[in-house]
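One file, input.txt, is given below (compact mmCIF, N, CA and C atoms).
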# COMPACT_ATOMS: atom_id res chain seq x y z
N THR H 223 0.19 -12.52 -5.75
CA THR H 223 -0.87 -12.11 -4.85
C THR H 223 -1.37 -13.24 -3.98
N THR H 224 -1.16 -14.49 -4.37
CA THR H 224 -1.60 -15.62 -3.57
C THR H 224 -0.95 -15.59 -2.19
N THR H 225 0.33 -15.25 -2.14
CA THR H 225 1.03 -15.16 -0.87
C THR H 225 0.42 -14.08 0.01
N ILE H 226 0.14 -12.94 -0.57
CA ILE H 226 -0.44 -11.83 0.21
C ILE H 226 -1.85 -12.18 0.65
N GLN H 227 -2.62 -12.85 -0.18
CA GLN H 227 -3.97 -13.25 0.20
C GLN H 227 -3.97 -14.18 1.41
N ALA H 228 -2.90 -14.93 1.59
CA ALA H 228 -2.82 -15.85 2.72
C ALA H 228 -2.46 -15.15 4.04
N LEU H 229 -2.06 -13.90 3.97
CA LEU H 229 -1.65 -13.15 5.17
C LEU H 229 -2.85 -12.56 5.89
N ASP H 230 -2.68 -12.35 7.21
CA ASP H 230 -3.70 -11.65 7.99
C ASP H 230 -3.47 -10.14 7.92
N VAL H 231 -2.21 -9.74 7.84
CA VAL H 231 -1.80 -8.33 7.88
C VAL H 231 -0.61 -8.15 6.96
N VAL H 232 -0.49 -6.98 6.33
CA VAL H 232 0.68 -6.66 5.53
C VAL H 232 1.40 -5.49 6.19
N ILE H 233 2.64 -5.73 6.58
CA ILE H 233 3.52 -4.69 7.12
C ILE H 233 4.64 -4.55 6.11
N ALA H 234 4.68 -3.39 5.44
CA ALA H 234 5.61 -3.27 4.31
C ALA H 234 6.19 -1.88 4.23
N MET H 235 7.39 -1.81 3.67
CA MET H 235 8.00 -0.51 3.42
C MET H 235 8.20 -0.27 1.92
N ARG H 236 7.79 -1.22 1.13
CA ARG H 236 7.91 -1.07 -0.32
C ARG H 236 6.56 -0.68 -0.91
N PHE H 237 6.59 0.28 -1.82
CA PHE H 237 5.40 0.88 -2.43
C PHE H 237 4.47 -0.18 -3.02
N HIS H 238 5.02 -1.05 -3.85
CA HIS H 238 4.19 -2.02 -4.55
C HIS H 238 3.65 -3.12 -3.62
N ALA H 239 4.36 -3.42 -2.57
CA ALA H 239 3.83 -4.38 -1.58
C ALA H 239 2.59 -3.80 -0.91
N LEU H 240 2.60 -2.51 -0.65
CA LEU H 240 1.43 -1.86 -0.07
C LEU H 240 0.26 -1.85 -1.04
N ILE H 241 0.54 -1.61 -2.31
CA ILE H 241 -0.52 -1.64 -3.32
C ILE H 241 -1.14 -3.03 -3.39
N LEU H 242 -0.30 -4.05 -3.44
CA LEU H 242 -0.83 -5.43 -3.50
C LEU H 242 -1.63 -5.76 -2.25
N GLY H 243 -1.14 -5.35 -1.09
CA GLY H 243 -1.88 -5.58 0.15
C GLY H 243 -3.24 -4.90 0.12
N ALA H 244 -3.28 -3.68 -0.39
CA ALA H 244 -4.55 -2.95 -0.50
C ALA H 244 -5.49 -3.65 -1.46
N LEU H 245 -4.99 -4.07 -2.61
CA LEU H 245 -5.82 -4.75 -3.60
C LEU H 245 -6.36 -6.08 -3.08
N CYS H 246 -5.66 -6.66 -2.11
CA CYS H 246 -6.12 -7.91 -1.48
C CYS H 246 -6.95 -7.63 -0.22
N HIS H 247 -7.24 -6.34 0.03
CA HIS H 247 -8.08 -5.92 1.17
C HIS H 247 -7.52 -6.36 2.52
N LYS H 248 -6.20 -6.27 2.67
CA LYS H 248 -5.56 -6.65 3.93
C LYS H 248 -5.31 -5.41 4.80
N PRO H 249 -5.39 -5.55 6.11
CA PRO H 249 -4.98 -4.45 6.97
C PRO H 249 -3.50 -4.15 6.69
N LEU H 250 -3.17 -2.85 6.65
CA LEU H 250 -1.82 -2.44 6.26
C LEU H 250 -1.16 -1.59 7.33
N LEU H 251 0.14 -1.77 7.46
CA LEU H 251 1.00 -0.86 8.21
C LEU H 251 2.16 -0.52 7.29
N ALA H 252 2.25 0.74 6.92
CA ALA H 252 3.33 1.19 6.04
C ALA H 252 4.49 1.67 6.88
N ILE H 253 5.68 1.22 6.55
CA ILE H 253 6.90 1.72 7.18
C ILE H 253 7.57 2.58 6.12
N SER H 254 7.50 3.89 6.33
CA SER H 254 7.90 4.83 5.30
C SER H 254 9.39 5.16 5.36
N TYR H 255 10.03 5.05 4.22
CA TYR H 255 11.42 5.46 4.06
C TYR H 255 11.50 6.56 3.00
N ASP H 256 10.35 6.83 2.37
CA ASP H 256 10.30 7.73 1.22
C ASP H 256 8.95 8.43 1.21
N PRO H 257 8.90 9.68 0.77
CA PRO H 257 7.62 10.40 0.73
C PRO H 257 6.52 9.68 -0.06
N LYS H 258 6.90 8.93 -1.10
CA LYS H 258 5.87 8.25 -1.89
C LYS H 258 5.15 7.18 -1.07
N VAL H 259 5.86 6.55 -0.15
CA VAL H 259 5.24 5.54 0.71
C VAL H 259 4.30 6.22 1.70
N SER H 260 4.73 7.34 2.27
CA SER H 260 3.87 8.10 3.19
C SER H 260 2.62 8.59 2.47
N GLN H 261 2.79 9.07 1.24
CA GLN H 261 1.66 9.57 0.47
C GLN H 261 0.68 8.46 0.16
N LEU H 262 1.18 7.29 -0.22
CA LEU H 262 0.29 6.16 -0.50
C LEU H 262 -0.47 5.76 0.75
N ALA H 263 0.21 5.70 1.89
CA ALA H 263 -0.45 5.36 3.15
C ALA H 263 -1.54 6.37 3.47
N SER H 264 -1.24 7.64 3.25
CA SER H 264 -2.23 8.69 3.49
C SER H 264 -3.42 8.53 2.55
N THR H 265 -3.15 8.26 1.28
CA THR H 265 -4.21 8.08 0.29
C THR H 265 -5.11 6.91 0.66
N LEU H 266 -4.51 5.83 1.13
CA LEU H 266 -5.27 4.63 1.50
C LEU H 266 -5.87 4.73 2.90
N ASN H 267 -5.48 5.78 3.63
CA ASN H 267 -5.94 6.00 5.00
C ASN H 267 -5.56 4.83 5.92
N VAL H 268 -4.27 4.44 5.83
CA VAL H 268 -3.77 3.35 6.67
C VAL H 268 -2.65 3.87 7.57
N SER H 269 -2.29 3.06 8.54
CA SER H 269 -1.24 3.42 9.49
C SER H 269 0.11 3.54 8.80
N VAL H 270 0.91 4.51 9.26
CA VAL H 270 2.25 4.70 8.70
C VAL H 270 3.22 5.03 9.83
N VAL H 271 4.41 4.47 9.72
CA VAL H 271 5.50 4.74 10.66
C VAL H 271 6.68 5.23 9.84
N ASP H 272 7.26 6.34 10.24
CA ASP H 272 8.45 6.86 9.56
C ASP H 272 9.67 6.09 10.06
N VAL H 273 10.37 5.42 9.16
CA VAL H 273 11.50 4.58 9.55
C VAL H 273 12.60 5.39 10.24
N PHE H 274 12.72 6.67 9.89
CA PHE H 274 13.76 7.50 10.47
C PHE H 274 13.40 7.98 11.88
N ARG H 275 12.14 7.82 12.27
CA ARG H 275 11.69 8.21 13.61
C ARG H 275 11.26 7.00 14.43
N LEU H 276 11.44 5.82 13.90
CA LEU H 276 10.96 4.60 14.53
C LEU H 276 11.49 4.43 15.95
N ALA H 277 12.77 4.68 16.15
CA ALA H 277 13.37 4.50 17.48
C ALA H 277 12.81 5.47 18.52
N SER H 278 12.34 6.63 18.08
CA SER H 278 11.86 7.62 19.03
C SER H 278 10.34 7.54 19.28
N GLN H 279 9.65 6.64 18.59
CA GLN H 279 8.22 6.53 18.78
C GLN H 279 7.90 5.71 20.01
N ASP H 280 6.93 6.18 20.79
CA ASP H 280 6.51 5.46 21.99
C ASP H 280 5.69 4.23 21.66
N SER H 281 4.89 4.35 20.60
CA SER H 281 4.05 3.23 20.21
C SER H 281 3.85 3.25 18.70
N ILE H 282 3.40 2.13 18.20
CA ILE H 282 3.13 2.00 16.77
C ILE H 282 1.66 1.68 16.61
N THR H 283 1.01 2.38 15.70
CA THR H 283 -0.40 2.16 15.43
C THR H 283 -0.59 0.80 14.78
N MET H 284 -1.63 0.12 15.18
CA MET H 284 -1.92 -1.19 14.61
C MET H 284 -2.33 -1.05 13.14
N PRO H 285 -2.05 -2.08 12.33
CA PRO H 285 -2.47 -2.04 10.94
C PRO H 285 -3.99 -1.91 10.82
N VAL H 286 -4.44 -1.18 9.82
CA VAL H 286 -5.87 -1.01 9.57
C VAL H 286 -6.17 -1.31 8.11
N PRO H 287 -7.40 -1.71 7.82
CA PRO H 287 -7.76 -1.98 6.43
C PRO H 287 -7.70 -0.70 5.60
N PRO H 288 -7.36 -0.84 4.32
CA PRO H 288 -7.30 0.34 3.44
C PRO H 288 -8.69 0.87 3.13
N ASP H 289 -8.75 2.13 2.76
CA ASP H 289 -10.00 2.77 2.34
C ASP H 289 -10.48 2.11 1.05
N GLU H 290 -11.68 1.55 1.07
CA GLU H 290 -12.18 0.78 -0.08
C GLU H 290 -12.34 1.63 -1.34
N THR H 291 -12.69 2.89 -1.19
CA THR H 291 -12.83 3.77 -2.36
C THR H 291 -11.49 3.91 -3.07
N MET H 292 -10.42 4.08 -2.28
CA MET H 292 -9.10 4.23 -2.87
C MET H 292 -8.61 2.91 -3.47
N VAL H 293 -8.98 1.80 -2.88
CA VAL H 293 -8.61 0.50 -3.45
C VAL H 293 -9.24 0.35 -4.83
N GLU H 294 -10.49 0.73 -4.96
CA GLU H 294 -11.15 0.63 -6.26
C GLU H 294 -10.52 1.57 -7.29
N ARG H 295 -10.06 2.73 -6.85
CA ARG H 295 -9.34 3.64 -7.76
C ARG H 295 -8.02 3.02 -8.21
N LEU H 296 -7.32 2.37 -7.27
CA LEU H 296 -6.07 1.68 -7.64
C LEU H 296 -6.35 0.58 -8.66
N ARG H 297 -7.42 -0.16 -8.41
CA ARG H 297 -7.78 -1.26 -9.32
C ARG H 297 -8.09 -0.73 -10.72
N ALA H 298 -8.82 0.37 -10.80
CA ALA H 298 -9.15 0.97 -12.09
C ALA H 298 -7.90 1.48 -12.79
N ALA H 299 -7.01 2.11 -12.03
CA ALA H 299 -5.76 2.62 -12.62
C ALA H 299 -4.89 1.48 -13.13
N SER H 300 -4.85 0.37 -12.40
CA SER H 300 -4.03 -0.75 -12.85
C SER H 300 -4.61 -1.35 -14.13
N GLY H 301 -5.94 -1.35 -14.26
CA GLY H 301 -6.55 -1.84 -15.49
C GLY H 301 -6.21 -0.95 -16.68
N LEU H 302 -6.20 0.35 -16.47
CA LEU H 302 -5.81 1.29 -17.52
C LEU H 302 -4.36 1.08 -17.91
N ASN H 303 -3.49 0.91 -16.92
CA ASN H 303 -2.08 0.65 -17.21
C ASN H 303 -1.90 -0.63 -18.02
N ARG H 304 -2.68 -1.65 -17.68
CA ARG H 304 -2.61 -2.93 -18.41
C ARG H 304 -3.01 -2.70 -19.87
N GLN H 305 -4.07 -1.94 -20.11
CA GLN H 305 -4.51 -1.67 -21.48
C GLN H 305 -3.44 -0.94 -22.27
N ILE H 306 -2.81 0.03 -21.65
CA ILE H 306 -1.75 0.79 -22.32
C ILE H 306 -0.58 -0.13 -22.67
N LEU H 307 -0.19 -0.98 -21.74
CA LEU H 307 0.93 -1.90 -21.99
C LEU H 307 0.62 -2.86 -23.13
N GLN H 308 -0.61 -3.27 -23.26
CA GLN H 308 -0.98 -4.21 -24.31
C GLN H 308 -0.93 -3.58 -25.70
N THR H 309 -0.94 -2.26 -25.77
CA THR H 309 -0.85 -1.60 -27.08
C THR H 309 0.58 -1.42 -27.55
N LEU H 310 1.55 -1.64 -26.65
CA LEU H 310 2.95 -1.46 -27.00
C LEU H 310 3.45 -2.66 -27.80
N PRO H 311 4.38 -2.39 -28.75
CA PRO H 311 4.92 -3.50 -29.56
C PRO H 311 5.80 -4.43 -28.74
Please go through the file and, once you have read it, give me the structure as structure tokens.
Amino acid sequence: TTTIQALDVVIAMRFHALILGALCHKPLLAISYDPKVSQLASTLNVSVVDVFRLASQDSITMPVPPDETMVERLRAASGLNRQILQTLP
């Protein structure tokens, strides 16, 4: 996360890179190759570009900060996941 914290903007097409960018409160631009990436971008209320339509787009929306409510939900979910993992042998 130190690397992401040093960035001004996160432009990513990988699901977990977008999550890390959101948790670091960075403006995000999602480049979607998969419905899960589009859904995450929609959930976070950030800009998304469909990689399969990229060539036909006239313009690309600038990156925007993620929805803070959704970032806090992600943070809470990651804490729950951490607790579950710690119970495993």
- prompt: Could you pull out all residues of stretch 237-299 of chain H with a DSSP call of strand (DSSP E) and give them as a ChimeraX atom specification?
  reply: /H:250-254,269-272
- prompt: Which distance in Å separates atom N of H:Pro285 and atom C of H:Thr224, to one decimal?
  reply: 19.9 Å
message: To one decimal place in Å, what is the distance between atom C of H:Pro287 and atom N of H:Asp230?
response: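 Rounded to one decimal, the two atoms are 12.8 Å apart.
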- request: One decimal, Å: what's the distance from atom CA of H:Tyr255 over to atom CA of H:Glu290, could you say?
  value: 24.4 Å
message: So that I can check the secondary structure, give me every residue of stretch 237-283 of chain H assigned alpha helix (DSSP H) by backbone DSSP, as a ChimeraX atom specification.
response: /H:237-245,257-266
- line: H:Arg275 proximity check over H:Leu229, H:Ile253, H:Ile241, H:Ile306, using only C-alpha atoms: winner is H:Ile253
